[in-house]
>>> print(open('protein-v4.cif').read())   # mmCIF, C-alpha atoms
data_coords
#
loop_
_atom_site.label_atom_id
_atom_site.label_comp_id
_atom_site.auth_asym_id
_atom_site.auth_seq_id
_atom_site.Cartn_x
_atom_site.Cartn_y
_atom_site.Cartn_z
CA MET A 1 4.32 232.79 57.79
CA PRO A 2 3.11 232.45 54.21
CA GLU A 3 3.73 235.04 51.52
CA LEU A 4 0.85 237.51 51.67
CA GLY A 5 1.66 239.55 48.59
CA GLU A 6 4.58 240.82 46.53
CA SER A 7 5.17 243.90 48.70
CA VAL A 8 4.51 242.25 52.06
CA HIS A 9 7.76 241.09 53.68
CA GLU A 10 6.82 241.00 57.35
CA GLY A 11 3.90 241.28 59.69
CA THR A 12 3.04 241.58 63.35
CA VAL A 13 1.41 238.77 65.31
CA SER A 14 -1.61 240.64 66.61
CA ARG A 15 -3.40 237.68 68.23
CA TRP A 16 -3.05 233.93 68.65
CA LEU A 17 -6.46 232.31 68.24
CA LYS A 18 -5.21 229.08 69.84
CA LYS A 19 -3.01 228.54 72.87
CA VAL A 20 -0.33 225.93 73.53
CA GLY A 21 -1.96 222.54 74.12
CA ASP A 22 -5.05 223.27 71.99
CA THR A 23 -6.12 220.88 69.28
CA VAL A 24 -6.29 222.45 65.83
CA LYS A 25 -7.74 221.29 62.54
CA GLU A 26 -6.25 221.87 59.11
CA ASP A 27 -7.43 225.19 57.58
CA GLU A 28 -8.86 226.33 60.92
CA PRO A 29 -7.85 229.94 61.76
CA ILE A 30 -4.97 229.78 64.22
CA VAL A 31 -3.27 233.19 64.30
CA GLU A 32 -4.05 236.75 63.26
CA ILE A 33 -1.38 238.71 61.39
CA MET A 34 -1.31 242.47 60.89
CA THR A 35 0.59 243.90 57.93
CA ASP A 36 0.75 247.42 56.55
CA LYS A 37 -2.00 246.29 54.19
CA VAL A 38 -4.60 244.54 56.30
CA ASN A 39 -5.35 242.25 59.22
CA THR A 40 -5.74 238.63 58.17
CA GLU A 41 -6.31 235.29 59.87
CA LEU A 42 -3.90 232.52 58.88
CA PRO A 43 -5.24 228.95 58.69
CA SER A 44 -3.50 226.01 60.30
CA PRO A 45 -1.39 224.11 57.74
CA ALA A 46 -2.13 220.76 59.44
CA SER A 47 -4.24 219.04 62.07
CA GLY A 48 -2.78 218.20 65.46
CA VAL A 49 -1.79 219.89 68.71
CA LEU A 50 -0.20 223.33 68.99
CA THR A 51 2.87 222.44 71.09
CA GLN A 52 4.91 225.64 70.73
CA ILE A 53 4.37 229.32 69.97
CA LEU A 54 7.62 230.69 68.54
CA ILE A 55 6.49 234.26 67.83
CA PRO A 56 4.48 235.83 70.67
CA GLU A 57 1.77 238.45 70.23
CA GLY A 58 3.08 241.90 69.37
CA GLU A 59 6.30 240.60 67.76
CA LEU A 60 7.36 240.97 64.13
CA VAL A 61 7.59 237.90 61.91
CA GLN A 62 9.28 237.67 58.52
CA VAL A 63 7.72 235.92 55.53
CA PHE A 64 8.52 232.17 55.55
CA ALA A 65 9.66 232.27 59.21
CA ALA A 66 8.33 229.60 61.60
CA MET A 67 5.64 230.93 63.93
CA GLY A 68 4.71 227.82 65.89
CA VAL A 69 4.89 224.04 66.04
CA ILE A 70 2.00 221.65 65.38
CA GLU A 71 2.55 218.00 66.23
CA PRO A 72 0.32 214.94 65.82
CA ALA A 73 -2.53 214.53 68.30
CA GLY A 74 -1.41 212.80 71.48
CA THR A 75 2.03 214.44 71.50
CA ALA A 76 3.04 215.61 74.95
CA VAL A 77 3.33 219.38 75.24
CA PRO A 78 6.80 220.41 76.48
CA ALA A 79 6.90 222.29 79.75
CA ALA A 80 8.67 225.26 78.18
CA SER A 81 6.94 225.95 74.90
CA ALA A 82 8.37 229.37 74.32
CA PRO A 83 11.71 229.68 72.52
CA LYS A 84 14.80 230.54 74.54
CA PRO A 85 15.70 234.22 74.51
CA ALA A 86 18.29 235.14 71.93
CA ASP A 87 20.62 236.43 74.64
CA ALA A 88 20.76 233.12 76.49
CA PRO A 89 23.06 230.90 74.37
CA ALA A 90 23.14 227.18 74.96
CA ALA A 91 26.10 225.71 76.82
CA VAL A 92 28.95 224.76 74.51
CA GLU A 93 31.56 222.19 75.38
CA LYS A 94 35.06 223.60 75.63
CA PRO A 95 37.15 222.17 72.80
CA ALA A 96 40.29 220.32 73.65
CA GLU A 97 43.47 222.36 73.33
CA ALA A 98 45.38 221.72 70.15
CA PRO A 99 48.82 220.14 70.56
CA ALA A 100 51.88 222.34 70.07
CA PRO A 101 53.19 223.75 67.84
CA VAL A 102 50.21 225.83 66.66
CA ALA A 103 50.27 228.68 64.18
CA ALA A 104 49.03 231.87 65.71
CA PRO A 105 45.72 233.05 64.25
CA GLU A 106 45.32 236.50 62.78
CA VAL A 107 44.78 238.94 65.59
CA SER A 108 42.15 241.63 65.29
CA SER A 109 42.58 245.08 66.72
CA ASP A 110 40.33 244.07 69.58
CA GLU A 111 42.33 240.95 70.58
CA ARG A 112 45.49 240.82 72.73
CA ARG A 113 47.74 237.72 72.93
CA PHE A 114 49.62 236.96 76.13
CA PHE A 115 53.42 237.22 76.06
CA THR A 116 55.76 236.53 78.97
CA PRO A 117 57.75 239.46 80.42
CA VAL A 118 60.96 237.91 79.07
CA VAL A 119 59.57 237.75 75.51
CA LYS A 120 58.13 241.27 75.77
CA SER A 121 61.43 242.70 77.01
CA MET A 122 63.40 240.87 74.33
CA ALA A 123 61.01 242.05 71.60
CA LYS A 124 61.28 245.64 72.79
CA GLU A 125 65.07 245.53 72.68
CA SER A 126 64.97 244.09 69.13
CA GLY A 127 62.39 246.59 67.89
CA VAL A 128 59.68 243.96 67.34
CA SER A 129 56.19 245.43 67.58
CA ASP A 130 53.22 243.66 69.18
CA ALA A 131 51.64 243.09 65.74
CA GLU A 132 54.88 241.53 64.45
CA LEU A 133 55.22 239.46 67.60
CA ALA A 134 51.65 238.19 67.19
CA SER A 135 52.50 236.95 63.67
CA ILE A 136 55.10 234.47 64.99
CA ALA A 137 53.99 230.82 65.21
CA GLY A 138 54.42 229.81 68.84
CA THR A 139 55.41 226.39 70.17
CA GLY A 140 54.43 227.08 73.76
CA GLU A 141 51.24 225.97 75.47
CA GLY A 142 48.17 227.07 73.52
CA GLY A 143 50.32 228.56 70.75
CA ARG A 144 52.20 230.92 73.11
CA VAL A 145 55.36 232.50 71.68
CA THR A 146 58.40 231.40 73.73
CA LYS A 147 61.86 232.97 74.05
CA ALA A 148 63.22 230.27 71.71
CA ASP A 149 60.55 231.08 69.12
CA LEU A 150 61.53 234.75 69.13
CA GLU A 151 65.27 233.96 68.93
CA LYS A 152 64.64 231.67 65.97
CA TYR A 153 62.52 234.32 64.29
CA LEU A 154 65.25 236.95 64.68
CA ALA A 155 67.97 234.54 63.51
CA GLU A 156 66.08 233.56 60.33
CA GLY A 157 65.43 237.14 59.37
CA ARG A 158 62.40 239.23 60.25
CA LYS A 159 59.43 239.34 57.88
CA PRO A 160 57.79 242.67 57.13
CA VAL A 161 54.37 242.98 58.67
CA ALA A 162 51.86 245.26 57.02
CA SER A 163 50.71 247.75 59.54
CA LYS A 164 46.97 247.93 59.93
CA PRO A 165 45.37 251.35 60.08
CA ALA A 166 44.07 252.23 63.46
CA ALA A 167 40.43 251.39 63.79
CA LYS A 168 38.15 254.38 63.86
CA ALA A 169 36.52 254.99 67.16
CA PRO A 170 32.81 254.31 66.82
CA GLU A 171 30.69 257.41 66.64
CA PRO A 172 28.75 257.88 69.82
CA LYS A 173 25.13 256.91 69.41
CA ALA A 174 22.48 259.36 70.41
CA VAL A 175 20.97 258.32 73.68
CA VAL A 176 17.22 258.78 73.80
CA ALA A 177 16.02 259.36 77.30
CA PRO A 178 12.90 257.37 78.18
CA THR A 179 9.73 259.42 78.04
CA VAL A 180 8.05 259.97 81.37
CA ALA A 181 4.35 260.78 81.45
CA GLY A 182 3.24 263.77 83.47
CA PRO A 183 0.46 263.79 86.06
CA GLU A 184 -2.26 264.28 83.41
CA GLN A 185 -0.63 262.21 80.69
CA GLU A 186 -0.61 258.59 79.58
CA LEU A 187 1.98 256.68 77.54
CA VAL A 188 0.56 254.29 74.93
CA PRO A 189 2.91 252.00 72.95
CA LEU A 190 3.08 252.56 69.20
CA ALA A 191 1.89 249.13 68.09
CA GLY A 192 -0.41 247.26 65.75
CA MET A 193 -1.96 249.12 62.83
CA ARG A 194 -0.71 252.50 64.03
CA LYS A 195 2.89 251.20 63.97
CA MET A 196 2.46 249.70 60.49
CA ILE A 197 1.04 253.00 59.21
CA ALA A 198 3.96 254.90 60.73
CA GLU A 199 6.46 252.63 58.99
CA ALA A 200 4.64 252.95 55.65
CA MET A 201 4.63 256.74 55.96
CA VAL A 202 8.38 256.78 56.63
CA ARG A 203 8.92 254.74 53.44
CA SER A 204 6.70 257.10 51.45
CA SER A 205 8.52 260.14 52.86
CA GLN A 206 11.71 258.97 51.10
CA VAL A 207 10.08 259.63 47.71
CA PRO A 208 10.67 263.11 46.17
CA THR A 209 7.16 264.51 45.83
CA VAL A 210 5.53 267.73 44.67
CA SER A 211 1.94 268.89 45.20
CA THR A 212 -0.12 270.82 42.62
CA VAL A 213 -3.43 272.51 43.39
CA THR A 214 -6.40 273.63 41.32
CA ALA A 215 -9.83 275.07 42.07
CA CYS A 216 -12.82 273.26 40.60
CA ASP A 217 -16.33 274.54 39.95
CA VAL A 218 -18.61 271.59 40.74
CA THR A 219 -21.92 273.46 40.71
CA ASN A 220 -23.51 271.15 38.12
CA MET A 221 -22.39 268.04 39.98
CA VAL A 222 -23.81 269.33 43.26
CA LYS A 223 -27.16 270.15 41.62
CA PHE A 224 -27.34 266.71 40.01
CA ARG A 225 -26.67 264.96 43.33
CA ASP A 226 -29.19 267.10 45.22
CA ILE A 227 -31.90 266.23 42.71
CA ASN A 228 -31.12 262.49 42.45
CA LYS A 229 -29.77 261.35 45.84
CA GLU A 230 -33.12 260.12 47.23
CA SER A 231 -34.17 258.28 44.07
CA PHE A 232 -30.67 256.83 43.75
CA LEU A 233 -30.91 255.31 47.24
CA GLU A 234 -34.39 253.88 46.51
CA THR A 235 -33.36 252.45 43.14
CA TYR A 236 -29.87 251.12 43.85
CA GLY A 237 -29.84 250.65 47.62
CA VAL A 238 -26.76 252.82 48.26
CA LYS A 239 -26.26 256.49 49.05
CA LEU A 240 -25.02 258.76 46.28
CA THR A 241 -22.06 260.63 47.75
CA TYR A 242 -19.60 262.87 45.91
CA THR A 243 -16.79 260.28 46.03
CA PRO A 244 -18.07 258.14 43.09
CA PHE A 245 -17.96 261.27 40.90
CA PHE A 246 -14.35 261.87 41.92
CA ILE A 247 -13.42 258.24 41.20
CA LYS A 248 -15.06 258.28 37.79
CA ALA A 249 -13.33 261.51 36.72
CA LEU A 250 -10.00 260.28 38.11
CA ALA A 251 -10.24 256.92 36.31
CA GLU A 252 -10.85 258.60 32.95
CA ALA A 253 -7.92 260.99 33.48
CA LEU A 254 -5.62 258.07 34.41
CA MET A 255 -6.51 256.33 31.16
CA GLU A 256 -5.64 259.52 29.28
CA PHE A 257 -2.33 259.96 31.16
CA PRO A 258 -1.10 256.39 31.86
CA LEU A 259 2.23 257.46 33.36
CA ALA A 260 0.29 258.77 36.38
CA ASN A 261 -1.02 255.22 36.78
CA ALA A 262 2.49 253.69 36.75
CA GLN A 263 5.05 252.83 39.45
CA LEU A 264 8.83 253.17 39.72
CA THR A 265 10.30 249.81 40.77
CA PRO A 266 13.25 249.37 43.17
CA ASP A 267 15.46 248.33 40.20
CA ASN A 268 14.64 251.61 38.43
CA GLN A 269 12.13 250.39 35.89
CA ILE A 270 8.71 251.86 35.12
CA LEU A 271 5.91 249.40 35.78
CA LYS A 272 2.85 250.30 33.71
CA THR A 273 -0.62 248.91 34.36
CA ASN A 274 -3.33 248.91 31.70
CA GLY A 275 -6.20 248.82 34.20
CA VAL A 276 -7.13 251.51 36.71
CA HIS A 277 -7.44 250.20 40.28
CA ILE A 278 -8.04 253.05 42.70
CA GLY A 279 -7.39 252.77 46.42
CA ILE A 280 -9.80 254.71 48.64
CA ALA A 281 -8.52 255.92 52.02
CA VAL A 282 -11.01 254.87 54.72
CA ALA A 283 -10.64 256.09 58.31
CA LEU A 284 -11.47 253.52 60.98
CA GLY A 285 -13.03 254.09 64.39
CA LYS A 286 -15.73 256.47 65.54
CA ASN A 287 -13.36 259.45 65.41
CA GLY A 288 -10.96 258.03 62.84
CA ASP A 289 -8.49 257.23 65.63
CA GLU A 290 -8.15 253.51 64.89
CA GLY A 291 -6.03 253.98 61.80
CA LEU A 292 -6.48 254.25 58.08
CA ILE A 293 -6.83 251.53 55.49
CA VAL A 294 -6.88 251.75 51.70
CA PRO A 295 -9.14 249.15 50.07
CA VAL A 296 -9.09 249.03 46.28
CA ILE A 297 -11.89 249.36 43.74
CA ARG A 298 -10.70 247.41 40.73
CA ASP A 299 -11.26 248.18 37.05
CA CYS A 300 -12.65 251.66 37.67
CA HIS A 301 -12.07 252.50 34.00
CA LYS A 302 -14.71 249.93 33.01
CA LYS A 303 -17.42 250.95 35.48
CA ASN A 304 -20.16 253.54 35.43
CA LEU A 305 -21.15 255.80 38.31
CA ILE A 306 -23.72 253.34 39.68
CA GLU A 307 -21.27 250.42 39.76
CA ILE A 308 -18.59 252.56 41.43
CA ALA A 309 -21.08 253.78 44.07
CA LYS A 310 -22.03 250.18 44.91
CA ASP A 311 -18.40 249.05 45.11
CA LEU A 312 -17.51 252.04 47.28
CA ASP A 313 -20.35 251.32 49.70
CA GLY A 314 -19.34 247.64 49.89
CA ILE A 315 -15.66 248.18 50.65
CA ALA A 316 -16.37 250.95 53.17
CA LYS A 317 -18.69 248.64 55.13
CA LYS A 318 -16.15 245.78 55.04
CA ALA A 319 -13.37 248.10 56.17
CA ARG A 320 -15.29 249.44 59.16
CA ALA A 321 -16.35 245.92 60.14
CA ASN A 322 -12.70 244.76 59.91
CA LYS A 323 -13.68 242.16 57.31
CA LEU A 324 -11.36 243.14 54.49
CA GLY A 325 -9.27 240.36 52.99
CA LEU A 326 -5.80 240.73 51.54
CA ALA A 327 -7.22 240.72 48.01
CA ASP A 328 -9.28 243.82 48.92
CA VAL A 329 -6.20 245.95 49.56
CA GLN A 330 -3.75 244.71 46.93
CA GLY A 331 -3.06 245.90 43.41
CA GLY A 332 -3.93 249.59 43.75
CA THR A 333 -2.43 251.79 41.03
CA PHE A 334 -3.50 255.19 42.38
CA THR A 335 -5.07 256.51 45.58
CA LEU A 336 -7.92 258.93 46.33
CA THR A 337 -8.36 260.55 49.72
CA ASN A 338 -11.38 262.69 50.52
CA PRO A 339 -10.82 264.82 53.64
CA GLY A 340 -13.51 267.16 52.33
CA THR A 341 -16.03 264.75 53.84
CA TYR A 342 -14.99 266.15 57.23
CA GLY A 343 -14.90 269.78 56.13
CA ALA A 344 -11.19 270.05 55.34
CA MET A 345 -10.62 272.89 52.89
CA PHE A 346 -7.06 272.19 51.79
CA GLY A 347 -4.13 269.84 52.38
CA THR A 348 -1.16 268.07 50.76
CA PRO A 349 -1.71 264.30 50.96
CA MET A 350 1.24 261.88 51.05
CA ILE A 351 1.51 259.31 48.27
CA ASN A 352 1.05 255.62 48.98
CA ALA A 353 4.45 254.43 47.71
CA PRO A 354 5.27 252.92 45.26
CA GLN A 355 2.26 254.49 43.51
CA ALA A 356 3.04 257.57 41.44
CA GLY A 357 0.38 259.81 42.92
CA ILE A 358 -2.55 260.54 45.19
CA LEU A 359 -5.46 262.92 44.67
CA GLY A 360 -6.92 264.81 47.61
CA THR A 361 -10.48 266.14 47.24
CA TYR A 362 -11.52 268.86 49.67
CA SER A 363 -14.73 270.45 50.93
CA ILE A 364 -17.24 272.04 48.60
CA ALA A 365 -18.31 275.57 49.53
CA LYS A 366 -20.39 278.23 47.83
CA GLN A 367 -18.30 281.22 46.79
CA PRO A 368 -18.77 284.38 44.72
CA VAL A 369 -16.89 284.01 41.43
CA ILE A 370 -16.72 285.88 38.15
CA VAL A 371 -18.68 284.19 35.33
CA ASP A 372 -19.00 286.01 32.00
CA ASP A 373 -17.86 289.24 33.71
CA MET A 374 -20.63 288.92 36.29
CA ILE A 375 -20.54 287.84 39.93
CA ALA A 376 -22.17 284.44 40.48
CA ILE A 377 -22.50 282.09 43.44
CA ARG A 378 -20.87 278.77 42.54
CA SER A 379 -19.92 275.57 44.38
CA ILE A 380 -16.12 275.52 44.49
CA MET A 381 -13.67 272.92 45.81
CA HIS A 382 -9.91 272.33 45.71
CA LEU A 383 -8.21 269.34 44.13
CA VAL A 384 -4.65 268.59 45.30
CA LEU A 385 -2.39 266.19 43.41
CA THR A 386 0.75 264.89 45.12
CA TYR A 387 3.03 262.99 42.74
CA ASP A 388 6.38 261.22 42.48
CA HIS A 389 8.58 263.76 40.71
CA ARG A 390 10.91 261.01 39.46
CA LEU A 391 8.09 259.79 37.19
CA ILE A 392 5.88 262.81 36.67
CA ASP A 393 7.06 266.27 35.71
CA GLY A 394 5.20 269.50 36.41
CA MET A 395 3.71 269.82 32.93
CA LEU A 396 2.29 266.30 32.97
CA ALA A 397 0.98 266.82 36.51
CA GLY A 398 -0.73 270.05 35.47
CA LYS A 399 -2.37 268.46 32.43
CA PHE A 400 -3.48 265.43 34.42
CA LEU A 401 -4.99 267.53 37.21
CA ALA A 402 -6.71 269.75 34.65
CA GLY A 403 -8.15 266.60 33.07
CA VAL A 404 -9.74 265.59 36.39
CA ARG A 405 -10.98 269.15 37.00
CA ASP A 406 -12.51 269.59 33.54
CA ARG A 407 -14.40 266.30 33.79
CA LEU A 408 -15.91 267.32 37.12
CA GLN A 409 -16.77 270.82 35.89
CA ASN A 410 -18.27 269.71 32.59
CA PHE A 411 -20.02 266.82 34.30
CA ASP A 412 -20.45 264.89 31.05
CA PHE A 413 -19.35 261.44 32.27
CA PHE A 414 -22.57 260.21 33.89
CA LYS A 415 -23.23 256.96 31.99
#
>>> encode(input="protein-v4.cif", output="structure tokens")
Amino acid sequence: MPELGESVHEGTVSRWLKKVGDTVKEDEPIVEIMTDKVNTELPSPASGVLTQILIPEGELVQVFAAMGVIEPAGTAVPAASAPKPADAPAAVEKPAEAPAPVAAPEVSSDERRFFTPVVKSMAKESGVSDAELASIAGTGEGGRVTKADLEKYLAEGRKPVASKPAAKAPEPKAVVAPTVAGPEQELVPLAGMRKMIAEAMVRSSQVPTVSTVTACDVTNMVKFRDINKESFLETYGVKLTYTPFFIKALAEALMEFPLANAQLTPDNQILKTNGVHIGIAVALGKNGDEGLIVPVIRDCHKKNLIEIAKDLDGIAKKARANKLGLADVQGGTFTLTNPGTYGAMFGTPMINAPQAGILGTYSIAKQPVIVDDMIAIRSIMHLVLTYDHRLIDGMLAGKFLAGVRDRLQNFDFFK
């Protein structure tokens, strides 16, 4: 398996596009790999015949591990192309016994050497422990300690043997009883993209995070969109949703507060990025039940609202058509999730580690608020910032979130 990115160390073989015995051409897609980033088809490294599949569908494969065997055309396909199970070791010839005398090997707490009753009785009378007895070089068959060996040992003077501490009994492992489905239930294996997402979420859950919330008056933004959405579609060929506004405001705030755009590396260094590359969480499937993927819009800090809207429309279509490439999901510096699209009013999103933060944008609703000591009907939404508290403190998080909020409220970034 080739290296698919700096943070990708393994993948799951989701589908073999060729079967054993098929002819393949160099650079022809041969196997589909699923990582926590994206599904991708791997090309054949050579032309020939696929004679073995070493990693079956549904199994994990590490980067640089062999996945199959391609041999020159005309090579006979072996009857058993699958690798032998790991628990079926090949037969090993029994080595010839070493001639006597043989020094006794060090004995672990789990091993027991055989001693004749005579030797055992004699050792007991002389106060020789089993560990001390095992340290004597035996001249008997297979290194066995004989009566003469023990007599010689006692006559020459006993050597102190360091006593080994008793091995701790292994802690009992929790036994998980297999789940049994009820009469109206169905068990479905956790596999594929859902499994990769689960593993990524476990990794992210190890990061100490805090969430900060603010309310945002987006009345002017809503009015602008209502007036311009039809002409925008006619002019630029894409719908004008609220998400491009969120991305634009977020990109400007990340440029103002670059630490929010950084990452903490495994060797405890801060990795700063000059550009702003925002990942957008996209739910897959009709009901969002096929998983979630986070394609990246690159260089958001250089783009205007129109360019961001076009990029957003393009990556969303590619994601739902399962046509994203690895380059489309790599290099994100910050993530935006927009559950407000589905009416969610509030939530605390989980960061996409190792990024420093994620911004959740929630539903917009008209509410009565106080403006200049008078009650007014305004369009209000909640912004929720979840951040890595090792990198970002509360004051910085508050200023950063206020920067996003103020840009949306003032609505002065349409360029």
>>> closest_atom_pairs(input="protein-v4.cif", of="stretch 227-340 of chain A", to="stretch 353-369 of chain A", cutoff="6 Å", atoms="all atoms listed in the file", output="JSON lines")
{"residue": "A:Ala260", "atom": "CA", "partner": "A:Ala356", "partner_atom": "CA", "distance": 5.9}
{"residue": "A:Gln263", "atom": "CA", "partner": "A:Gln355", "partner_atom": "CA", "distance": 5.2}
{"residue": "A:Thr333", "atom": "CA", "partner": "A:Gln355", "partner_atom": "CA", "distance": 6.0}
{"residue": "A:Phe334", "atom": "CA", "partner": "A:Gln355", "partner_atom": "CA", "distance": 5.9}
{"residue": "A:Thr335", "atom": "CA", "partner": "A:Ile358", "partner_atom": "CA", "distance": 4.8}
{"residue": "A:Leu336", "atom": "CA", "partner": "A:Leu359", "partner_atom": "CA", "distance": 5.0}
{"residue": "A:Thr337", "atom": "CA", "partner": "A:Gly360", "partner_atom": "CA", "distance": 5.0}
{"residue": "A:Asn338", "atom": "CA", "partner": "A:Thr361", "partner_atom": "CA", "distance": 4.8}
{"residue": "A:Pro339", "atom": "CA", "partner": "A:Tyr362", "partner_atom": "CA", "distance": 5.7}
{"residue": "A:Gly340", "atom": "CA", "partner": "A:Tyr362", "partner_atom": "CA", "distance": 3.7}
>>> residues_near_point(input="protein-v4.cif", point="(-4.6, 261.7, 29.7)", cutoff="12 Å", atoms="all atoms listed in the file", output="VMD selection string")
chain A and resid 249 to 261 396 to 404 406 to 407
>>> write_last_selection(input="protein-v4.cif", atoms="C-alpha atoms", output="PDB file, keeping the file's coordinate frame")
ATOM      1  CA  ALA A 249     -13.330 261.510  36.720  1.00  0.00           C
ATOM      2  CA  LEU A 250     -10.000 260.280  38.110  1.00  0.00           C
ATOM      3  CA  ALA A 251     -10.240 256.920  36.310  1.00  0.00           C
ATOM      4  CA  GLU A 252     -10.850 258.600  32.950  1.00  0.00           C
ATOM      5  CA  ALA A 253      -7.920 260.990  33.480  1.00  0.00           C
ATOM      6  CA  LEU A 254      -5.620 258.070  34.410  1.00  0.00           C
ATOM      7  CA  MET A 255      -6.510 256.330  31.160  1.00  0.00           C
ATOM      8  CA  GLU A 256      -5.640 259.520  29.280  1.00  0.00           C
ATOM      9  CA  PHE A 257      -2.330 259.960  31.160  1.00  0.00           C
ATOM     10  CA  PRO A 258      -1.100 256.390  31.860  1.00  0.00           C
ATOM     11  CA  LEU A 259       2.230 257.460  33.360  1.00  0.00           C
ATOM     12  CA  ALA A 260       0.290 258.770  36.380  1.00  0.00           C
ATOM     13  CA  ASN A 261      -1.020 255.220  36.780  1.00  0.00           C
ATOM     14  CA  LEU A 396       2.290 266.300  32.970  1.00  0.00           C
ATOM     15  CA  ALA A 397       0.980 266.820  36.510  1.00  0.00           C
ATOM     16  CA  GLY A 398      -0.730 270.050  35.470  1.00  0.00           C
ATOM     17  CA  LYS A 399      -2.370 268.460  32.430  1.00  0.00           C
ATOM     18  CA  PHE A 400      -3.480 265.430  34.420  1.00  0.00           C
ATOM     19  CA  LEU A 401      -4.990 267.530  37.210  1.00  0.00           C
ATOM     20  CA  ALA A 402      -6.710 269.750  34.650  1.00  0.00           C
ATOM     21  CA  GLY A 403      -8.150 266.600  33.070  1.00  0.00           C
ATOM     22  CA  VAL A 404      -9.740 265.590  36.390  1.00  0.00           C
ATOM     23  CA  ASP A 406     -12.510 269.590  33.540  1.00  0.00           C
ATOM     24  CA  ARG A 407     -14.400 266.300  33.790  1.00  0.00           C
TER      25      ARG A 407
END
>>> resolve_selection(input="protein-v4.cif", expression="the PyMOL selection byres ((chain A and resi 324-328) around 10)", output="PyMOL selection string")
chain A and resi 4-5+35+37-41+279+293-298+315-323+329-332
>>> write_last_selection(input="protein-v4.cif", atoms="C-alpha atoms", output="PDB file, in the frame of the given file")
ATOM      1  CA  LEU A   4       0.850 237.510  51.670  1.00  0.00           C
ATOM      2  CA  GLY A   5       1.660 239.550  48.590  1.00  0.00           C
ATOM      3  CA  THR A  35       0.590 243.900  57.930  1.00  0.00           C
ATOM      4  CA  LYS A  37      -2.000 246.290  54.190  1.00  0.00           C
ATOM      5  CA  VAL A  38      -4.600 244.540  56.300  1.00  0.00           C
ATOM      6  CA  ASN A  39      -5.350 242.250  59.220  1.00  0.00           C
ATOM      7  CA  THR A  40      -5.740 238.630  58.170  1.00  0.00           C
ATOM      8  CA  GLU A  41      -6.310 235.290  59.870  1.00  0.00           C
ATOM      9  CA  GLY A 279      -7.390 252.770  46.420  1.00  0.00           C
ATOM     10  CA  ILE A 293      -6.830 251.530  55.490  1.00  0.00           C
ATOM     11  CA  VAL A 294      -6.880 251.750  51.700  1.00  0.00           C
ATOM     12  CA  PRO A 295      -9.140 249.150  50.070  1.00  0.00           C
ATOM     13  CA  VAL A 296      -9.090 249.030  46.280  1.00  0.00           C
ATOM     14  CA  ILE A 297     -11.890 249.360  43.740  1.00  0.00           C
ATOM     15  CA  ARG A 298     -10.700 247.410  40.730  1.00  0.00           C
ATOM     16  CA  ILE A 315     -15.660 248.180  50.650  1.00  0.00           C
ATOM     17  CA  ALA A 316     -16.370 250.950  53.170  1.00  0.00           C
ATOM     18  CA  LYS A 317     -18.690 248.640  55.130  1.00  0.00           C
ATOM     19  CA  LYS A 318     -16.150 245.780  55.040  1.00  0.00           C
ATOM     20  CA  ALA A 319     -13.370 248.100  56.170  1.00  0.00           C
ATOM     21  CA  ARG A 320     -15.290 249.440  59.160  1.00  0.00           C
ATOM     22  CA  ALA A 321     -16.350 245.920  60.140  1.00  0.00           C
ATOM     23  CA  ASN A 322     -12.700 244.760  59.910  1.00  0.00           C
ATOM     24  CA  LYS A 323     -13.680 242.160  57.310  1.00  0.00           C
ATOM     25  CA  VAL A 329      -6.200 245.950  49.560  1.00  0.00           C
ATOM     26  CA  GLN A 330      -3.750 244.710  46.930  1.00  0.00           C
ATOM     27  CA  GLY A 331      -3.060 245.900  43.410  1.00  0.00           C
ATOM     28  CA  GLY A 332      -3.930 249.590  43.750  1.00  0.00           C
TER      29      GLY A 332
END
>>> resolve_selection(input="protein-v4.cif", expression="the PyMOL selection byres ((chain A and resi 120-123) around 12)", output="list in words")
Arg113, Phe114, Phe115, Thr116, Pro117, Val118, Val119, Lys124, Glu125, Ser126, Gly127, Val128, Ser129, Asp130, Ala131, Glu132, Leu133, Ala134, Ile136, Val145, Thr146, Lys147, Ala148, Asp149, Leu150, Glu151, Tyr153, Leu154 and Arg158 of chain A
>>> closest_residue(input="protein-v4.cif", among="A:Val20, A:Met221, A:Ile306, A:Cys216", to="A:His382", atoms="all atoms listed in the file")
A:Cys216
>>> resolve_selection(input="protein-v4.cif", expression="the PyMOL selection byres ((chain A and resi 184-196) around 7)", output="PyMOL selection string")
chain A and resi 14+34-36+181-183+197-200+291
>>> write_last_selection(input="protein-v4.cif", atoms="C-alpha atoms", output="compact mmCIF listing (two decimals), keeping the file's coordinate frame")
# COMPACT_ATOMS: atom_id res chain seq x y z
CA SER A 14 -1.61 240.64 66.61
CA MET A 34 -1.31 242.47 60.89
CA THR A 35 0.59 243.90 57.93
CA ASP A 36 0.75 247.42 56.55
CA ALA A 181 4.35 260.78 81.45
CA GLY A 182 3.24 263.77 83.47
CA PRO A 183 0.46 263.79 86.06
CA ILE A 197 1.04 253.00 59.21
CA ALA A 198 3.96 254.90 60.73
CA GLU A 199 6.46 252.63 58.99
CA ALA A 200 4.64 252.95 55.65
CA GLY A 291 -6.03 253.98 61.80
>>> closest_residue(input="protein-v4.cif", among="A:Asn352, A:Gln206, A:Thr214, A:Thr243", to="A:Asp313", atoms="all atoms listed in the file")
A:Thr243
>>> atom_distance(input="protein-v4.cif", atom1="atom CA of A:Asp372", atom2="atom CA of A:Arg405")
19.3 Å
>>> atom_distance(input="protein-v4.cif", atom1="atom CA of A:Ala155", atom2="atom CA of A:Ala137")
14.6 Å
>>> closest_residue(input="protein-v4.cif", among="A:Ser47, A:Asn304, A:Gln409, A:Gln62", to="A:Pro2", atoms="all atoms listed in the file")
A:Gln62
